[in-house]
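Shown next: model.cif, given as mmCIF, C-alpha atoms.
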```cif
data_protein
loop_
_atom_site.label_atom_id
_atom_site.label_comp_id
_atom_site.auth_asym_id
_atom_site.auth_seq_id
_atom_site.Cartn_x
_atom_site.Cartn_y
_atom_site.Cartn_z
CA VAL A 20 -26.95 78.03 -8.96
CA PRO A 21 -28.97 76.40 -10.34
CA GLU A 22 -32.27 78.29 -10.71
CA ARG A 23 -34.31 75.12 -10.97
CA PRO A 24 -34.57 73.21 -7.70
CA THR A 25 -32.51 70.01 -7.62
CA LEU A 26 -33.82 66.95 -5.91
CA GLY A 27 -32.52 66.98 -2.31
CA ASN A 28 -29.91 69.58 -3.36
CA THR A 29 -28.08 67.16 -5.67
CA ASP A 30 -25.62 68.45 -8.27
CA TYR A 31 -26.72 68.96 -11.86
CA ALA A 32 -23.36 69.28 -13.64
CA PHE A 33 -19.90 67.71 -13.81
CA GLU A 34 -16.58 69.17 -14.87
CA MET A 35 -13.73 67.42 -16.68
CA ALA A 36 -10.24 68.47 -15.63
CA ILE A 37 -7.01 66.70 -16.55
CA SER A 38 -3.35 67.54 -16.95
CA ASN A 39 -1.83 67.72 -20.40
CA ILE A 40 -0.19 64.38 -21.05
CA ARG A 41 2.56 63.42 -23.48
CA TYR A 42 3.28 59.79 -24.31
CA GLY A 43 6.16 58.11 -26.11
CA GLU A 44 9.26 55.98 -25.62
CA GLY A 45 12.11 58.26 -24.61
CA VAL A 46 9.93 61.38 -24.36
CA THR A 47 11.62 62.25 -21.03
CA LYS A 48 14.47 63.80 -23.01
CA GLU A 49 12.16 66.72 -23.88
CA ILE A 50 11.80 67.95 -20.28
CA GLY A 51 14.77 70.34 -20.49
CA MET A 52 13.13 72.02 -23.50
CA ASP A 53 9.79 72.20 -21.70
CA LEU A 54 11.40 74.03 -18.79
CA GLN A 55 13.21 76.34 -21.21
CA ASN A 56 9.89 77.06 -22.91
CA LEU A 57 8.40 77.91 -19.50
CA GLY A 58 11.28 80.29 -18.80
CA ALA A 59 12.10 78.37 -15.61
CA ARG A 60 15.10 79.72 -13.72
CA ARG A 61 15.05 77.65 -10.50
CA VAL A 62 13.69 74.14 -10.75
CA CYS A 63 12.98 71.69 -7.94
CA LEU A 64 13.51 68.03 -8.95
CA MET A 65 11.74 65.67 -6.51
CA THR A 66 12.30 61.94 -6.25
CA ASP A 67 13.06 59.25 -3.65
CA LYS A 68 16.33 57.66 -2.54
CA ASN A 69 15.86 54.41 -4.52
CA LEU A 70 14.86 56.12 -7.76
CA SER A 71 17.64 58.69 -7.57
CA LYS A 72 20.04 55.90 -8.65
CA LEU A 73 17.84 54.50 -11.45
CA PRO A 74 17.52 55.25 -15.20
CA PRO A 75 14.34 57.44 -15.04
CA VAL A 76 15.99 60.08 -12.83
CA ASN A 77 19.17 59.82 -14.86
CA ALA A 78 17.19 60.54 -18.06
CA VAL A 79 15.68 63.67 -16.47
CA LEU A 80 19.07 64.87 -15.15
CA ASN A 81 20.60 64.43 -18.60
CA SER A 82 17.87 66.54 -20.18
CA LEU A 83 18.08 69.29 -17.54
CA THR A 84 21.86 69.45 -17.92
CA LYS A 85 21.75 69.42 -21.71
CA TYR A 86 19.43 72.44 -21.77
CA GLY A 87 21.26 74.36 -19.04
CA ILE A 88 18.43 74.24 -16.49
CA ASN A 89 19.34 75.39 -12.98
CA PHE A 90 17.90 72.83 -10.53
CA GLN A 91 18.08 71.49 -7.00
CA ILE A 92 17.33 67.86 -6.10
CA TYR A 93 15.11 66.78 -3.22
CA ASP A 94 15.41 62.98 -2.94
CA ASN A 95 13.99 62.56 0.55
CA VAL A 96 10.44 61.63 -0.49
CA ARG A 97 9.01 58.80 1.63
CA VAL A 98 7.34 55.84 -0.09
CA GLU A 99 3.75 56.06 1.26
CA PRO A 100 4.24 59.66 2.54
CA THR A 101 3.22 60.95 5.97
CA ASP A 102 2.20 64.42 7.14
CA GLN A 103 5.78 64.84 8.42
CA SER A 104 7.38 63.79 5.12
CA PHE A 105 5.06 66.24 3.30
CA LEU A 106 6.11 69.00 5.74
CA ASP A 107 9.83 68.29 5.13
CA ALA A 108 9.31 68.63 1.37
CA ILE A 109 7.20 71.77 1.84
CA GLN A 110 9.97 73.35 3.92
CA PHE A 111 12.51 72.58 1.16
CA ALA A 112 10.19 74.10 -1.48
CA ARG A 113 9.50 77.25 0.55
CA LYS A 114 13.23 77.86 1.10
CA GLY A 115 14.12 77.20 -2.55
CA GLU A 116 11.76 79.80 -4.06
CA PHE A 117 11.39 77.62 -7.15
CA ASP A 118 9.54 78.70 -10.28
CA ALA A 119 8.90 75.14 -11.57
CA TYR A 120 8.82 71.57 -10.26
CA VAL A 121 9.63 68.18 -11.75
CA ALA A 122 8.45 65.02 -9.93
CA VAL A 123 10.04 61.72 -10.98
CA GLY A 124 8.55 58.66 -9.31
CA GLY A 125 5.38 56.87 -8.34
CA GLY A 126 2.34 58.40 -6.69
CA SER A 127 4.28 59.06 -3.47
CA VAL A 128 6.73 61.38 -5.23
CA ILE A 129 4.17 63.12 -7.45
CA ASP A 130 1.76 63.68 -4.53
CA THR A 131 4.56 65.04 -2.31
CA CYS A 132 5.56 67.45 -5.06
CA LYS A 133 1.95 68.66 -5.49
CA ALA A 134 1.78 69.43 -1.78
CA ALA A 135 5.17 71.18 -1.81
CA ASN A 136 4.09 73.33 -4.77
CA LEU A 137 0.79 74.23 -3.09
CA TYR A 138 2.17 75.25 0.30
CA ALA A 139 5.18 77.07 -1.19
CA ALA A 140 2.68 79.13 -3.20
CA SER A 141 0.64 79.78 -0.05
CA PRO A 142 3.31 80.46 2.59
CA SER A 143 0.93 81.80 5.23
CA SER A 144 -1.30 78.69 5.15
CA GLU A 145 -1.38 76.18 8.00
CA PHE A 146 -0.89 72.56 6.92
CA LEU A 147 -4.47 71.50 7.76
CA ASP A 148 -6.00 74.39 5.78
CA TYR A 149 -6.12 72.42 2.52
CA VAL A 150 -6.37 68.89 3.94
CA ASN A 151 -9.71 67.20 3.23
CA ALA A 152 -12.49 67.68 5.77
CA PRO A 153 -13.33 66.37 8.32
CA ILE A 154 -9.63 65.85 9.22
CA GLY A 155 -8.55 69.23 7.84
CA LYS A 156 -10.40 72.40 6.86
CA GLY A 157 -10.74 71.48 3.16
CA LYS A 158 -10.32 75.09 1.97
CA SER A 159 -10.60 75.89 -1.75
CA VAL A 160 -7.27 76.63 -3.45
CA THR A 161 -7.30 80.16 -4.85
CA VAL A 162 -3.54 80.89 -5.03
CA PRO A 163 -1.70 80.46 -8.38
CA LEU A 164 0.72 77.51 -8.38
CA LYS A 165 3.99 77.05 -10.29
CA PRO A 166 4.19 74.66 -13.25
CA LEU A 167 4.70 71.01 -12.25
CA ILE A 168 5.88 68.33 -14.68
CA ALA A 169 5.18 64.80 -13.45
CA VAL A 170 7.15 61.81 -14.73
CA PRO A 171 5.50 58.60 -13.44
CA THR A 172 7.79 55.59 -13.00
CA THR A 173 5.07 53.18 -11.88
CA SER A 174 1.86 52.19 -13.64
CA GLY A 175 -0.66 52.68 -10.89
CA THR A 176 -1.71 55.91 -9.26
CA GLY A 177 -2.40 57.99 -12.35
CA SER A 178 -1.23 60.87 -10.15
CA GLU A 179 0.22 62.64 -13.19
CA THR A 180 -3.36 63.42 -14.30
CA THR A 181 -5.13 64.19 -11.00
CA GLY A 182 -5.56 66.97 -8.47
CA VAL A 183 -5.19 64.67 -5.46
CA ALA A 184 -2.28 64.17 -3.01
CA ILE A 185 -2.56 61.37 -0.41
CA PHE A 186 -0.58 60.94 2.82
CA ASP A 187 -0.63 59.10 6.17
CA PHE A 188 -1.81 61.34 9.00
CA LYS A 189 0.28 59.77 11.76
CA GLU A 190 -1.56 61.20 14.75
CA LEU A 191 -4.84 59.54 13.69
CA LYS A 192 -3.15 56.53 12.00
CA VAL A 193 -5.20 57.14 8.90
CA LYS A 194 -4.63 58.19 5.31
CA THR A 195 -6.17 61.38 4.03
CA GLY A 196 -5.16 63.93 1.44
CA ILE A 197 -5.62 67.18 -0.41
CA ALA A 198 -8.01 67.28 -3.36
CA SER A 199 -8.28 70.23 -5.73
CA ARG A 200 -8.12 70.65 -9.49
CA ALA A 201 -5.65 73.48 -8.82
CA ILE A 202 -2.87 71.09 -7.75
CA LYS A 203 -2.92 68.80 -10.78
CA PRO A 204 0.36 68.71 -12.74
CA THR A 205 0.75 71.01 -15.72
CA LEU A 206 2.12 68.14 -17.79
CA GLY A 207 2.43 64.38 -17.34
CA ILE A 208 5.34 62.79 -19.21
CA ILE A 209 4.34 59.16 -19.80
CA ASP A 210 7.50 57.38 -20.95
CA PRO A 211 7.05 53.59 -21.08
CA LEU A 212 10.83 53.08 -20.87
CA HIS A 213 10.56 53.93 -17.17
CA THR A 214 8.42 50.88 -16.46
CA LEU A 215 11.21 48.50 -17.45
CA SER A 216 13.03 49.03 -14.12
CA MET A 217 9.96 48.03 -12.03
CA PRO A 218 10.23 44.76 -10.05
CA GLU A 219 7.44 42.17 -10.32
CA ARG A 220 5.48 42.95 -7.13
CA ILE A 221 5.60 46.68 -7.76
CA VAL A 222 4.12 46.04 -11.23
CA ALA A 223 1.42 43.88 -9.61
CA ASN A 224 0.47 46.25 -6.80
CA SER A 225 0.52 49.28 -9.10
CA GLY A 226 -1.70 47.40 -11.53
CA PHE A 227 -4.20 46.57 -8.78
CA ASP A 228 -4.55 50.30 -8.14
CA VAL A 229 -5.41 50.83 -11.83
CA LEU A 230 -7.92 47.96 -11.63
CA CYS A 231 -9.70 49.47 -8.62
CA HIS A 232 -9.55 53.03 -9.98
CA ALA A 233 -11.40 51.81 -13.05
CA LEU A 234 -13.92 49.61 -11.20
CA GLU A 235 -14.70 52.15 -8.48
CA SER A 236 -15.07 55.16 -10.76
CA TYR A 237 -17.32 53.19 -13.14
CA THR A 238 -19.58 52.01 -10.29
CA ALA A 239 -19.50 55.26 -8.26
CA LEU A 240 -22.63 57.22 -7.39
CA PRO A 241 -23.72 59.13 -10.53
CA TYR A 242 -22.74 62.83 -10.52
CA ASN A 243 -26.37 64.00 -10.57
CA GLU A 244 -27.16 62.03 -7.41
CA ARG A 245 -24.29 63.52 -5.41
CA SER A 246 -25.04 66.28 -2.92
CA PRO A 247 -24.64 69.03 -2.00
CA CYS A 248 -24.85 71.05 -5.17
CA PRO A 249 -22.10 73.71 -4.84
CA SER A 250 -23.16 77.33 -4.57
CA ASN A 251 -20.01 78.29 -6.51
CA PRO A 252 -18.25 76.17 -9.18
CA ILE A 253 -14.89 76.49 -7.36
CA ASP A 254 -16.44 74.36 -4.61
CA ARG A 255 -17.45 71.50 -6.92
CA PRO A 256 -15.24 68.66 -5.69
CA ALA A 257 -12.59 66.96 -7.83
CA TYR A 258 -14.43 63.68 -7.14
CA GLN A 259 -17.90 64.29 -8.57
CA GLY A 260 -19.36 60.81 -9.12
CA SER A 261 -19.53 58.68 -12.25
CA ASN A 262 -20.30 60.61 -15.42
CA PRO A 263 -20.43 59.93 -19.16
CA VAL A 264 -16.86 61.13 -19.78
CA SER A 265 -15.16 59.34 -16.89
CA ASP A 266 -17.04 56.14 -17.82
CA VAL A 267 -15.27 56.04 -21.18
CA TRP A 268 -11.81 56.26 -19.58
CA ALA A 269 -12.63 53.77 -16.79
CA LEU A 270 -13.91 51.09 -19.15
CA HIS A 271 -11.01 51.51 -21.54
CA ALA A 272 -8.52 51.23 -18.65
CA LEU A 273 -10.29 48.09 -17.43
CA ARG A 274 -9.99 46.45 -20.85
CA ILE A 275 -6.25 47.15 -20.95
CA VAL A 276 -5.82 45.73 -17.41
CA ALA A 277 -7.70 42.56 -18.43
CA LYS A 278 -5.48 42.12 -21.49
CA TYR A 279 -2.05 43.18 -20.26
CA LEU A 280 -1.65 43.18 -16.45
CA LYS A 281 -0.81 39.48 -16.05
CA ARG A 282 1.66 39.70 -18.93
CA ALA A 283 3.32 42.82 -17.50
CA ILE A 284 3.79 41.11 -14.12
CA ARG A 285 5.03 37.76 -15.42
CA ASN A 286 7.46 38.98 -18.03
CA PRO A 287 9.58 42.08 -17.30
CA ASP A 288 10.74 42.09 -20.92
CA ASP A 289 7.21 42.31 -22.34
CA ARG A 290 7.53 45.91 -23.46
CA GLU A 291 4.11 45.95 -25.12
CA ALA A 292 2.36 44.89 -21.90
CA ARG A 293 4.31 47.32 -19.70
CA ALA A 294 3.78 50.21 -22.12
CA ASN A 295 0.05 49.54 -22.23
CA MET A 296 -0.22 49.36 -18.42
CA HIS A 297 1.59 52.72 -18.23
CA LEU A 298 -1.09 54.22 -20.46
CA ALA A 299 -3.89 52.41 -18.59
CA SER A 300 -2.70 54.07 -15.39
CA ALA A 301 -3.17 57.51 -16.96
CA PHE A 302 -6.52 56.53 -18.51
CA ALA A 303 -7.87 55.29 -15.16
CA GLY A 304 -6.42 58.43 -13.55
CA ILE A 305 -8.45 60.62 -15.89
CA GLY A 306 -11.55 58.56 -15.04
CA PHE A 307 -11.25 58.49 -11.26
CA GLY A 308 -9.65 61.95 -11.07
CA ASN A 309 -13.04 63.31 -12.09
CA ALA A 310 -15.50 60.64 -10.96
CA GLY A 311 -13.76 59.60 -7.75
CA VAL A 312 -13.31 56.24 -6.06
CA HIS A 313 -15.37 54.75 -3.23
CA LEU A 314 -15.21 51.90 -0.71
CA CYS A 315 -12.07 49.99 -1.76
CA HIS A 316 -10.09 53.21 -1.42
CA GLY A 317 -11.92 54.48 1.66
CA MET A 318 -11.25 51.19 3.46
CA SER A 319 -7.67 50.98 2.18
CA TYR A 320 -6.52 54.07 4.05
CA PRO A 321 -6.73 52.51 7.54
CA ILE A 322 -5.35 49.22 6.15
CA SER A 323 -2.22 51.15 5.16
CA GLY A 324 -2.26 53.49 8.16
CA LEU A 325 -2.52 50.77 10.84
CA VAL A 326 0.14 48.47 9.34
CA LYS A 327 2.01 46.43 11.94
CA THR A 328 5.04 44.51 10.70
CA TYR A 329 4.20 43.70 7.05
CA LYS A 330 7.03 44.30 4.60
CA PRO A 331 6.21 43.53 0.97
CA LYS A 332 8.54 41.70 -1.42
CA ASP A 333 10.43 43.89 -3.94
CA TYR A 334 10.04 47.13 -1.91
CA ASN A 335 13.35 48.53 -0.67
CA VAL A 336 12.07 50.42 2.41
CA ASP A 337 13.14 50.70 6.05
CA HIS A 338 9.59 50.77 7.48
CA SER A 339 6.59 48.45 7.50
CA LEU A 340 4.13 49.24 4.77
CA VAL A 341 1.17 47.85 2.88
CA PRO A 342 1.59 49.04 -0.73
CA HIS A 343 -1.35 51.20 -1.74
CA GLY A 344 -2.56 48.97 -4.59
CA LEU A 345 -2.52 45.91 -2.34
CA SER A 346 -4.43 47.68 0.45
CA VAL A 347 -7.07 48.65 -2.10
CA VAL A 348 -7.53 45.35 -3.93
CA LEU A 349 -7.81 43.06 -0.88
CA THR A 350 -11.31 44.35 -0.10
CA SER A 351 -12.48 44.46 -3.73
CA PRO A 352 -14.35 41.10 -3.85
CA ALA A 353 -16.34 41.98 -0.70
CA VAL A 354 -16.94 45.58 -1.77
CA PHE A 355 -18.33 44.83 -5.23
CA ALA A 356 -20.49 42.00 -3.91
CA PHE A 357 -21.94 44.66 -1.57
CA THR A 358 -22.37 47.54 -4.06
CA ALA A 359 -23.79 45.49 -6.94
CA GLN A 360 -27.40 45.84 -5.71
CA ILE A 361 -27.18 49.32 -7.24
CA HIS A 362 -26.38 49.34 -10.98
CA PRO A 363 -25.88 45.54 -11.19
CA GLU A 364 -25.56 45.82 -14.97
CA ARG A 365 -22.33 47.86 -14.55
CA HIS A 366 -20.89 45.24 -12.20
CA LEU A 367 -21.78 42.48 -14.68
CA GLU A 368 -20.21 44.40 -17.55
CA ALA A 369 -16.99 44.78 -15.51
CA ALA A 370 -16.96 41.04 -14.73
CA GLU A 371 -17.31 40.25 -18.43
CA ILE A 372 -14.40 42.54 -19.34
CA LEU A 373 -12.30 40.73 -16.71
CA GLY A 374 -13.07 37.37 -18.30
CA ALA A 375 -16.34 36.10 -16.80
CA ASP A 376 -18.80 34.27 -19.03
CA ILE A 377 -22.07 36.13 -18.38
CA ARG A 378 -24.21 34.60 -21.14
CA THR A 379 -26.45 32.75 -18.66
CA ALA A 380 -25.87 35.11 -15.70
CA ARG A 381 -28.79 36.48 -13.71
CA ILE A 382 -28.66 40.21 -13.06
CA LYS A 383 -29.20 39.67 -9.32
CA ASP A 384 -25.96 37.61 -9.18
CA ALA A 385 -23.83 40.43 -10.63
CA GLY A 386 -22.01 41.13 -7.36
CA LEU A 387 -21.12 37.50 -6.68
CA ILE A 388 -19.95 37.02 -10.28
CA LEU A 389 -17.69 40.09 -10.15
CA ALA A 390 -16.37 39.06 -6.70
CA ASP A 391 -15.53 35.55 -7.92
CA THR A 392 -13.88 36.94 -11.06
CA LEU A 393 -11.70 39.24 -8.92
CA ARG A 394 -10.78 36.40 -6.53
CA LYS A 395 -9.66 34.22 -9.43
CA PHE A 396 -7.69 37.12 -10.92
CA LEU A 397 -5.88 37.73 -7.61
CA PHE A 398 -5.28 34.03 -6.93
CA ASP A 399 -3.64 33.65 -10.37
CA LEU A 400 -1.25 36.47 -9.43
CA ASN A 401 -0.21 35.06 -6.01
CA VAL A 402 -1.81 37.88 -4.02
CA ASP A 403 -1.74 37.53 -0.21
CA ASP A 404 -4.79 35.65 1.05
CA GLY A 405 -6.74 38.58 2.48
CA LEU A 406 -6.16 40.96 5.37
CA ALA A 407 -5.17 38.11 7.70
CA ALA A 408 -2.14 37.40 5.50
CA ILE A 409 -0.81 40.95 5.96
CA GLY A 410 -1.13 40.91 9.73
CA TYR A 411 -4.76 41.79 10.62
CA SER A 412 -7.26 39.81 12.67
CA LYS A 413 -10.92 40.17 13.65
CA ALA A 414 -9.75 42.07 16.75
CA ASP A 415 -8.54 44.88 14.45
CA ILE A 416 -11.90 45.40 12.73
CA PRO A 417 -13.20 48.16 15.09
CA ALA A 418 -10.00 50.18 14.50
CA LEU A 419 -10.22 49.62 10.73
CA VAL A 420 -13.85 50.80 10.72
CA LYS A 421 -12.95 53.83 12.84
CA GLY A 422 -10.22 54.71 10.31
CA THR A 423 -12.68 54.42 7.42
CA LEU A 424 -15.33 56.74 8.88
CA PRO A 425 -13.42 60.02 8.24
CA GLN A 426 -13.00 59.08 4.55
CA GLU A 427 -16.37 60.55 3.60
CA ARG A 428 -14.90 62.28 0.56
CA VAL A 429 -14.75 58.82 -1.06
CA THR A 430 -17.10 56.58 0.94
CA LYS A 431 -20.06 58.86 0.15
CA LEU A 432 -19.45 58.11 -3.53
CA SER A 433 -20.32 54.46 -2.96
CA PRO A 434 -23.51 53.75 -4.93
CA ARG A 435 -24.85 51.95 -1.85
CA PRO A 436 -24.76 53.80 1.50
CA GLN A 437 -23.08 51.86 4.31
CA THR A 438 -23.42 51.69 8.10
CA GLU A 439 -20.63 50.94 10.57
CA GLU A 440 -22.02 47.39 10.74
CA ASP A 441 -21.74 47.10 6.94
CA LEU A 442 -18.10 48.22 7.08
CA SER A 443 -17.36 45.68 9.83
CA ALA A 444 -18.88 42.93 7.70
CA LEU A 445 -16.85 44.02 4.66
CA PHE A 446 -13.59 43.95 6.63
CA GLU A 447 -14.51 40.55 8.08
CA ALA A 448 -15.29 39.17 4.61
CA SER A 449 -11.89 40.46 3.41
CA MET A 450 -9.85 38.67 6.12
CA LYS A 451 -9.54 35.64 3.84
CA LEU A 452 -10.04 35.70 0.06
CA TYR A 453 -9.63 32.15 -1.21
#
```
File written out as C-alpha cells:
Amino acid sequence: VPERPTLGNTDYAFEMAISNIRYGEGVTKEIGMDLQNLGARRVCLMTDKNLSKLPPVNAVLNSLTKYGINFQIYDNVRVEPTDQSFLDAIQFARKGEFDAYVAVGGGSVIDTCKAANLYAASPSSEFLDYVNAPIGKGKSVTVPLKPLIAVPTTSGTGSETTGVAIFDFKELKVKTGIASRAIKPTLGIIDPLHTLSMPERIVANSGFDVLCHALESYTALPYNERSPCPSNPIDRPAYQGSNPVSDVWALHALRIVAKYLKRAIRNPDDREARANMHLASAFAGIGFGNAGVHLCHGMSYPISGLVKTYKPKDYNVDHSLVPHGLSVVLTSPAVFAFTAQIHPERHLEAAEILGADIRTARIKDAGLILADTLRKFLFDLNVDDGLAAIGYSKADIPALVKGTLPQERVTKLSPRPQTEEDLSALFEASMKLY
C-alpha cells in the first residue's frame, strides 16, 4: 500500500473518524435511556471532586437513577492528569468490570476515562504499551473497548470527539498521551446548560484551546506531505495533517471563536455565546482530532509539565498548574509568525477571520499580521503577559526545549520544520507578549 510510489514515502490518503455527537439544551437527561439501549448493567461514572457537587453531574445522576442504571462513581480524577492519576483510575476500572462508562467533565475527566476504558479492556498490557512513542511503545489498539459516553462541561478540549488522552508523565516532567481512533467516545453529549457553571477564567482558557486547535489544524502539514505512509491502515495515525474535511471544521470553529469567545468570557449570562462556544469546541475537536495540532501544543506540554508555583484564578485545585489552554496560547504569536513562511495565505485568512484588515496586506507579512492580531486578542482578554508572567525565565528555555523534543507526534506536523535553536527562539519570543 500503495502500489504507486509516493514521494519520499509520504501518505496518499486521510481518514475521518469522529464520535457520534448529540447537541441540545437539557439533552443530558437522555443518558439513562442511552445506557438502557446499550443494555449496560454496570456503569462507571467518572468525574472530579469539584464537579461532583455541580449541576452537570447532578443531571447525569438524576437520569441514571430515573432509568434504574446500576453505577459506581469515581470522582478522583485530577485536573491536568498525571501518569499516576491515570493508573489510579485504571485500577478502579479493572476492579469494577464495567460494561459502559460515562465521563462528566472537561478534557481531564474525559481523557482519564478513555485511558481507564482502554486498559481495563486490555488487562495484560503494561501502561507504556499504548503511550505515544518515543516515550512509550505506541502500540496499535486492537482490543474491543466498552461504550463510553462523554459529557463535556468545558468548551475547550473537544475531547468528546477525539481518540486522544493527554497526561503529565511525572518522571520526565513532560506531557504526553495515548492517540488512537479506537479510544474515542461512542457518543458525545453536548449540553450547553453545562457551560453556565463555568467561571470566567475557565471559559477563557478553554476558549484559547479551541482557538489554537482551529489555527494549528488549519495550518498543519498537509496529509499528503506527511510520512511515513503506513503499511497497514490501522497504523495511520489519528493526527494525519491538514485535509479538506478537517479544514472545514477548523475554519468554522475559528469563525465562532472570533464572534463569541469574548462575549462568553465577559458575560456568564450570555447563553447564546456560551452555547456557541460549546459547539465550537466540538467542531475544532473534529478538525484537530483528524488533522492534528503542531507547535503551540508541542511546546505547551513542557510549559504545563515544568510548572513551578503558578496557580490560576478561578481554578479550585491544591497543586500548581498552568491550564492547558493558557499553556498553548502563550506561544501562539511567536509560533504563527514562524510557520507563516509556509502557506502564508492560510495564516492571512485566519488573521482576517479574527478581525484583521488584510485589504492592503502583503502576503509575506502574513505571519506578523496573524501574530499581532493574536496579541491584541489576548491583551483585550487580560491574558498573562507571556511565559515570564507564569513563572518562567530565559534560564528555563533549555529545559522547555528538552521537554518539547519528545513531542514529535505533533511537532512533525508543523508546516515548517524546526531545529532546537528555532524552539529556543520561539520560547524566548514568548517570554513577553505585549
Best match for closeness to Ile253 (chain A) among A:Phe146, A:Phe396, A:Thr176, A:Arg200, counting all atoms listed in the file = A:Arg200
Please measure the separation of CA of Pro142 (chain A) and CA of Gly207 (chain A), giving the value in Å to one decimal.
->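 According to the coordinates, CA of Pro142 (chain A) and CA of Gly207 (chain A) are separated by 25.6 Å.
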Which value, in Å to one decimal, gives the distance between CA of Val347 (chain A) and CA of His316 (chain A)?
-> 5.5 Å
Could you spell out the hits of the PyMOL selection byres ((chain A and resi 418) around 10) on the shown file, as a ChimeraX atom specification?
-> /A:192,321-322,325,414-417,419-423,443
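Separating CA of Gly226 (chain A) from CA of Thr350 (chain A) is a distance of 15.2 Å.
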Would you kindly translate the PyMOL selection byres ((chain A and resi 255-266) around 6) into the concrete residues it picks from this file, as number ranges by chain?
-> A: 199, 236-237, 239-242, 249, 252-254, 267-269, 306, 309-311
Run the PyMOL selection byres ((chain A and resi 449) around 12) against the file shown and list the residues it catches, as a CSV table (one decimal) with C-alpha atoms, keeping the file's coordinate frame.
```
chain,number,residue,atom,x,y,z
A,315,CYS,CA,-12.1,50.0,-1.8
A,318,MET,CA,-11.2,51.2,3.5
A,319,SER,CA,-7.7,51.0,2.2
A,322,ILE,CA,-5.4,49.2,6.2
A,346,SER,CA,-4.4,47.7,0.4
A,347,VAL,CA,-7.1,48.6,-2.1
A,348,VAL,CA,-7.5,45.4,-3.9
A,349,LEU,CA,-7.8,43.1,-0.9
A,350,THR,CA,-11.3,44.4,-0.1
A,351,SER,CA,-12.5,44.5,-3.7
A,352,PRO,CA,-14.4,41.1,-3.8
A,353,ALA,CA,-16.3,42.0,-0.7
A,354,VAL,CA,-16.9,45.6,-1.8
A,355,PHE,CA,-18.3,44.8,-5.2
A,356,ALA,CA,-20.5,42.0,-3.9
A,357,PHE,CA,-21.9,44.7,-1.6
A,390,ALA,CA,-16.4,39.1,-6.7
A,394,ARG,CA,-10.8,36.4,-6.5
A,403,ASP,CA,-1.7,37.5,-0.2
A,404,ASP,CA,-4.8,35.6,1.0
A,405,GLY,CA,-6.7,38.6,2.5
A,406,LEU,CA,-6.2,41.0,5.4
A,407,ALA,CA,-5.2,38.1,7.7
A,408,ALA,CA,-2.1,37.4,5.5
A,409,ILE,CA,-0.8,41.0,6.0
A,411,TYR,CA,-4.8,41.8,10.6
A,412,SER,CA,-7.3,39.8,12.7
A,413,LYS,CA,-10.9,40.2,13.6
A,416,ILE,CA,-11.9,45.4,12.7
A,419,LEU,CA,-10.2,49.6,10.7
A,442,LEU,CA,-18.1,48.2,7.1
A,443,SER,CA,-17.4,45.7,9.8
A,444,ALA,CA,-18.9,42.9,7.7
A,445,LEU,CA,-16.8,44.0,4.7
A,446,PHE,CA,-13.6,44.0,6.6
A,447,GLU,CA,-14.5,40.6,8.1
A,448,ALA,CA,-15.3,39.2,4.6
A,450,MET,CA,-9.8,38.7,6.1
A,451,LYS,CA,-9.5,35.6,3.8
A,452,LEU,CA,-10.0,35.7,0.1
A,453,TYR,CA,-9.6,32.2,-1.2
```
I need every residue sitting at most 7 Å from the point (2.1, 47.2, -14.2) (coordinates as in the file, all atoms listed in the file considered), written as a PDB file with C-alpha atoms, in the coordinates of the input.
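Generated file (out_18.pdb):
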```
ATOM      1  CA  SER A 174       1.860  52.190 -13.640  1.00  0.00           C
ATOM      2  CA  GLY A 175      -0.660  52.680 -10.890  1.00  0.00           C
ATOM      3  CA  VAL A 222       4.120  46.040 -11.230  1.00  0.00           C
ATOM      4  CA  ALA A 223       1.420  43.880  -9.610  1.00  0.00           C
ATOM      5  CA  SER A 225       0.520  49.280  -9.100  1.00  0.00           C
ATOM      6  CA  GLY A 226      -1.700  47.400 -11.530  1.00  0.00           C
ATOM      7  CA  LEU A 280      -1.650  43.180 -16.450  1.00  0.00           C
ATOM      8  CA  ALA A 283       3.320  42.820 -17.500  1.00  0.00           C
ATOM      9  CA  ILE A 284       3.790  41.110 -14.120  1.00  0.00           C
ATOM     10  CA  ARG A 293       4.310  47.320 -19.700  1.00  0.00           C
ATOM     11  CA  MET A 296      -0.220  49.360 -18.420  1.00  0.00           C
ATOM     12  CA  HIS A 297       1.590  52.720 -18.230  1.00  0.00           C
TER      13      HIS A 297
END
```
Taking all atoms listed in the file into account, which of A:Ala201, A:Leu387, A:Ile129, A:Leu314 comes nearest Ile168 (chain A)?
->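 Counting all atoms listed in the file, the residue closest to Ile168 (chain A) is A:Ile129.
Remark: residues at most 8 Å from position (-14.7, 44.2, -10.2) in file coordinates are Leu230, Cys231, Leu234, Ser351, Pro352, Phe355, His366, Ala369, Ala370, Leu373, Leu389, Ala390, Thr392 and Leu393 of chain A, using all atoms listed in the file.
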Which neighbours of Cys248 (chain A) fall inside 6 Å, counting all atoms listed in the file, when residues of the same chain fewer than 3 positions from it are skipped, and could you give them as a PyMOL selection string?
-> chain A and resi 28-30
Check the smallest atom-to-atom distance from each of A:Pro75, A:Ala272, A:Leu212, A:Asn243 to Asp288 (chain A) using all atoms listed in the file, then report the winner.
-> A:Leu212
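With all atoms listed in the file as the basis for measurement, A:Gln426 is the residue among A:Gln360, A:Asn39, A:Gln426, A:Asn286 that approaches His313 (chain A) most closely.
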For region 114-126 of chain A, please output as JSON, numbers by chain all residues within 8 Å (counting only C-alpha atoms; exclusion window: fewer than 2 positions along the same chain).
-> {"A": [54, 59, 60, 61, 62, 63, 64, 65, 66, 67, 70, 75, 76, 110, 111, 112, 128, 129, 130, 132, 136, 139, 165, 166, 167, 168, 169, 170, 171, 172, 173, 174, 175, 176, 177, 178]}
Quick one: everything within 9 Å of Lys203 (chain A), counting all atoms listed in the file, minus sequence neighbours fewer than 5 positions away in the same chain. Send it as a list of chain:residue names.
-> A:Ala36, A:Ile37, A:Ser38, A:Lys133, A:Leu167, A:Ser178, A:Glu179, A:Thr180, A:Thr181, A:Gly182, A:Val183
Hey, which of A:Ser433, A:Thr379, A:Thr328, A:Thr438 ends up closest to Thr358 (chain A)? Count only C-alpha atoms.
->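 Nearest to Thr358 (chain A): A:Ser433.
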Shortest interatomic distance to Arg274 (chain A) - which of A:Thr214, A:Lys431, A:Leu345, A:Gly374, counting all atoms listed in the file |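 Smallest separation from Arg274 (chain A) among the options: A:Gly374.
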Identify, on the basis of all atoms listed in the file, every residue whose closest approach to Lys156 (chain A) does not exceed 10 Å; exclude the query and any residue fewer than 5 positions from it along the same chain; express the result as a ChimeraX atom specification.
-> /A:145-151
